Amino acid sequence: MNGRKKILIILGLIFSLQACAGAPKPPKELLSLDEAQMKIRSYQTRAFDFNDQQKVMRGVVAALQDLGFIVERANGPMGLVTAGKFAGEGYSGFVELTVTVRPKGDSQVEVRVNAILNTKPIEDPKIYQNFFAAVQRSLFLPG
């Protein structure tokens, strides 16, 4: 065997062994929530006493429109709404919302909203309170 073949065989063996090594395991805490994240999640989530997910979806869309958002996508079967608008009142940039609406038990529907301003999460509880107040109003209007 000449030297060139030996080198190719050795390189082949090295690459084969590396392929068997597999990817490193991600740290266990990668997908776990810390206390600050749990606090923010509590601002972002509210349960409404309705057993009709579609009615709550319509209420979410109406609330977003009342707040000046442009609804980009609404998927009723998945319970997902995305919307955006240019920020105002002391903020500059673009606000994006993602809202999920899903049944919670037999008599409630849970709504969770994630708000992002210029690619950074909004953590101000007042923003979420305003959103949920608008949803509450839209759900109790006759219709």
# chains A, B, ... in the order shown; residues from 1 in each chain; ligands from 1
call {"tool": "residues_around", "arguments": {"residues": "stretch 107-109 of chain A", "least_positions_apart": "5", "cutoff": "9 Å", "atoms": "only C-alpha atoms", "output": "PDB file with C-alpha atoms, in the first residue's frame"}}
result
ATOM      1  CA  ARG A  46     -55.572  34.940  31.625  1.00  0.00           C
ATOM      2  CA  ALA A  47     -58.463  32.479  31.751  1.00  0.00           C
ATOM      3  CA  PHE A  48     -61.952  33.549  30.688  1.00  0.00           C
ATOM      4  CA  ASP A  49     -65.147  31.834  31.810  1.00  0.00           C
ATOM      5  CA  PHE A  50     -66.332  30.738  28.383  1.00  0.00           C
ATOM      6  CA  ASN A  51     -66.532  27.297  26.854  1.00  0.00           C
ATOM      7  CA  ASP A  52     -66.433  28.618  23.274  1.00  0.00           C
ATOM      8  CA  GLN A  53     -62.880  28.976  21.960  1.00  0.00           C
ATOM      9  CA  VAL A  56     -62.876  34.150  22.539  1.00  0.00           C
ATOM     10  CA  VAL A 101     -56.317  30.807  22.659  1.00  0.00           C
ATOM     11  CA  ARG A 102     -56.993  27.319  23.960  1.00  0.00           C
TER      12      ARG A 102
END
call {"tool": "select_by_dssp", "arguments": {"residues": "stretch 35-131 of chain A", "states": "helix (DSSP H, G or I)", "output": "number ranges by chain"}}
result
A: 35-44, 53-66, 125-131
call {"tool": "residues_around", "arguments": {"residues": "A:Ala62", "least_positions_apart": "4", "cutoff": "12 Å", "atoms": "only C-alpha atoms", "output": "VMD selection string"}}
result
chain A and resid 55 to 58 66 to 71 74 81 83 131 to 132 134 to 141 143
call {"tool": "atom_distance", "arguments": {"atom1": "atom CA of A:Gly88", "atom2": "atom CA of A:Thr100"}}
result
24.2 Å
call {"tool": "residues_around", "arguments": {"residues": "A:Asn118", "least_positions_apart": "3", "cutoff": "10 Å", "atoms": "only C-alpha atoms", "output": "JSON list (two decimals) with N, CA and C atoms, in the first residue's frame"}}
result
[["chain", "number", "residue", "atom", "x", "y", "z"],
["A", 86, "PHE", "N", -47.15, 50.01, 14.83],
["A", 86, "PHE", "CA", -46.06, 50.88, 15.23],
["A", 86, "PHE", "C", -46.35, 51.39, 16.62],
["A", 87, "ALA", "N", -45.33, 51.36, 17.46],
["A", 87, "ALA", "CA", -45.49, 51.76, 18.86],
["A", 87, "ALA", "C", -45.70, 53.26, 18.96],
["A", 92, "SER", "N", -40.69, 53.82, 20.61],
["A", 92, "SER", "CA", -40.44, 53.93, 19.17],
["A", 92, "SER", "C", -40.14, 52.55, 18.64],
["A", 93, "GLY", "N", -40.67, 52.25, 17.49],
["A", 93, "GLY", "CA", -40.42, 50.95, 16.88],
["A", 93, "GLY", "C", -41.71, 50.24, 16.54],
["A", 94, "PHE", "N", -41.63, 48.93, 16.47],
["A", 94, "PHE", "CA", -42.75, 48.09, 16.05],
["A", 94, "PHE", "C", -43.07, 47.08, 17.13],
["A", 95, "VAL", "N", -44.35, 46.96, 17.46],
["A", 95, "VAL", "CA", -44.81, 46.01, 18.47],
["A", 95, "VAL", "C", -45.46, 44.83, 17.75],
["A", 96, "GLU", "N", -45.03, 43.63, 18.11],
["A", 96, "GLU", "CA", -45.61, 42.41, 17.55],
["A", 96, "GLU", "C", -46.24, 41.61, 18.69],
["A", 115, "ALA", "N", -45.75, 39.82, 23.84],
["A", 115, "ALA", "CA", -45.56, 41.11, 23.19],
["A", 115, "ALA", "C", -44.06, 41.37, 23.03],
["A", 121, "PRO", "N", -38.58, 41.27, 24.29],
["A", 121, "PRO", "CA", -39.84, 41.01, 24.98],
["A", 121, "PRO", "C", -40.26, 42.19, 25.86],
["A", 122, "ILE", "N", -41.56, 42.45, 25.88],
["A", 122, "ILE", "CA", -42.10, 43.48, 26.76],
["A", 122, "ILE", "C", -42.45, 42.82, 28.08]]
call {"tool": "atom_distance", "arguments": {"atom1": "atom CA of A:Thr45", "atom2": "atom CA of A:Val111"}}
result
5.7 Å
call {"tool": "select_by_dssp", "arguments": {"residues": "stretch 58-123 of chain A", "states": "strand (DSSP E)", "output": "PyMOL selection string"}}
result
chain A and resi 70-75+80-86+94-104+108-117+120-121
call {"tool": "closest_residue", "arguments": {"among": "A:Asn114, A:Thr119, A:Asn130, A:Gln65", "to": "A:Ser42", "atoms": "only C-alpha atoms"}}
result
A:Asn114
call {"tool": "atom_distance", "arguments": {"atom1": "atom CA of A:Lys85", "atom2": "atom CA of A:Ile127"}}
result
13.9 Å
